[in-house]
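Just below is one structure, and these are the notes that go with it.
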Amino acid sequence: MRMIESALQNSRSPKSIEFIVYADIDDKTMKNFKQSNTKVIVGPKMSISKMTNICYQNSKGSILMYAADDIVFRTNLWDAKILKTIEKLDSKYFLIHGDDLGQKSNKIATHGFVSQEFAKRLGYLLPPYFYADFCDTWLTSIARYSKSRVHLEDLIIEHLHPSWGKARFDETYLDRTRRKRFWLEYVKYQALLPLRLWEISKTVFYKLLW
C-alpha cells in the first residue's frame, strides 16, 4: 500500500509505527496483504467513521492518526517532527496536522494526529455522527476552540483527492456523489452545533485538569 510505504520510508523509527487497516470484505487488493507492524481487519462495508473507530479500538499507540489510504507522506522524518512538537506542548490534549496540499490545508485537519487522552475523553477517533464528510471539520472545530490545534506548515502529507485531479474517482467516491451524501452531512453538521459545543467545553475542562 502506497500510504504505508511512504510513511515507513520517510520515518525515523519505522519499527515503532503501528498500522491498523480496515478492509471491506470484498476488497481483493487486501486479501494477501502482509506488512510488519500492520493489522488488517476485514469486515462489511460501513461508514469511514465507523471503520476508523474500529481501528482505534484495536490500536495500542499513545499517539493516534486518522488517515485514509489516499495520502502520501512527503516530509522526511515526519514522525520525529511530530514527537518534537508534542514535547513542546503543555497539555496531553492536542490535534496536530500538516499541509495536505489541498484547498483548505491550513484550515482543516483532514488527516491528523491526536493523543489517546484526546480520543478517550471524546469517546471516538472520528465523530460517529457522520459517514465521512465533516469528520475532519468537526475535530478541527473542537481542537481550535479548545486551543488544542497545532498546524505544522512544513509537515507535508499529501491528500491525493480525485476532486483535485490527483486520482480517479473510484466506487467509494462515486457512491458518495450519487447519494448526495455531502449535503446531508452538511445539514447534520449544522444541526449538531449544541453537541459540538458540549464536546468543546468538555475538552477545555479536561485540559484544565491535566
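Residue names in the C-alpha cells use chain letters A, B, ... in the order shown, residue numbers from 1 in each chain, and ligand numbers from 1 in the order shown.
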
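The neighbours of region 30-41 of chain A here are the residues that come within 8 Å of it, using only C-alpha atoms and leaving out any residue fewer than 4 positions away in the same chain; they are Lys15, Ile17, Glu18, Phe19, Ile20, Val21, Tyr22, Ala23 and Cys55 of chain A.
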
For Phe130 (chain A): contacts at 8 Å, only C-alpha atoms, fewer than 6 positions along chain excluded, given as a ChimeraX atom specification: /A:47,49,185,188

Limited to C-alpha atoms, could you put the picked residues into a file as a short mmCIF file (atom, residue, chain, number, x, y, z; two decimals), in the first residue's frame?
data_model
loop_
_atom_site.label_atom_id
_atom_site.label_comp_id
_atom_site.auth_asym_id
_atom_site.auth_seq_id
_atom_site.Cartn_x
_atom_site.Cartn_y
_atom_site.Cartn_z
CA SER A 47 -19.03 4.37 7.11
CA SER A 49 -16.06 6.98 10.74
CA GLU A 185 -23.79 15.62 6.18
CA LYS A 188 -26.38 17.33 10.07
#

Per residue of region 46-134 of chain A within 8 Å of region 139-156 of chain A, record the nearest atom pair and its distance in Å to one decimal, counting only C-alpha atoms, with rows in chain order and ascending residue number, as a tab-separated table.
residue	atom	partner	partner_atom	distance
A:Phe73	CA	A:Ile156	CA	6.5
A:Arg74	CA	A:Ile156	CA	5.3
A:Thr75	CA	A:Ile156	CA	5.3
A:Trp78	CA	A:Leu155	CA	6.7
A:Lys81	CA	A:Leu155	CA	7.9
A:Tyr93	CA	A:Ser148	CA	6.2
A:Phe94	CA	A:Ser148	CA	4.5
A:Leu95	CA	A:Arg149	CA	4.9
A:Ile96	CA	A:Val150	CA	4.7
A:His97	CA	A:His151	CA	5.2
A:Gly98	CA	A:Leu155	CA	4.6
A:Asp99	CA	A:Ile156	CA	4.9
A:Asp100	CA	A:Ile156	CA	6.0
A:Leu101	CA	A:Ile156	CA	7.4
A:Asn106	CA	A:His151	CA	7.1
A:Ile108	CA	A:Thr140	CA	5.9
A:Ala109	CA	A:Thr140	CA	5.8
A:Leu126	CA	A:Leu139	CA	7.6
A:Pro127	CA	A:Leu139	CA	7.7

Find the residues of region 100-120 of chain A that sit at most 10 Å from region 66-70 of chain A; for each, write down the nearest two atoms and how far apart they are in Å, to one decimal. Count only C-alpha atoms. Sort by chain, then by number going up, and give it as a Markdown table.
| residue | atom | partner | partner_atom | distance |
| --- | --- | --- | --- | --- |
| A:Ala109 | CA | A:Tyr66 | CA | 9.8 |
| A:Thr110 | CA | A:Ala67 | CA | 8.0 |
| A:His111 | CA | A:Ala67 | CA | 5.2 |
| A:Gly112 | CA | A:Tyr66 | CA | 5.9 |
| A:Phe113 | CA | A:Tyr66 | CA | 6.8 |
| A:Val114 | CA | A:Tyr66 | CA | 8.4 |

Rounded to one decimal, what separation in Å do you get between CA of Val204 (chain A) and CA of Asp136 (chain A)? 18.8 Å

Among region 11-209 of chain A, which ones does DSSP place in strand (DSSP E), written as a PyMOL selection string? chain A and resi 19-24+38-43+63-66+71-73+95-99+112-115+149-159
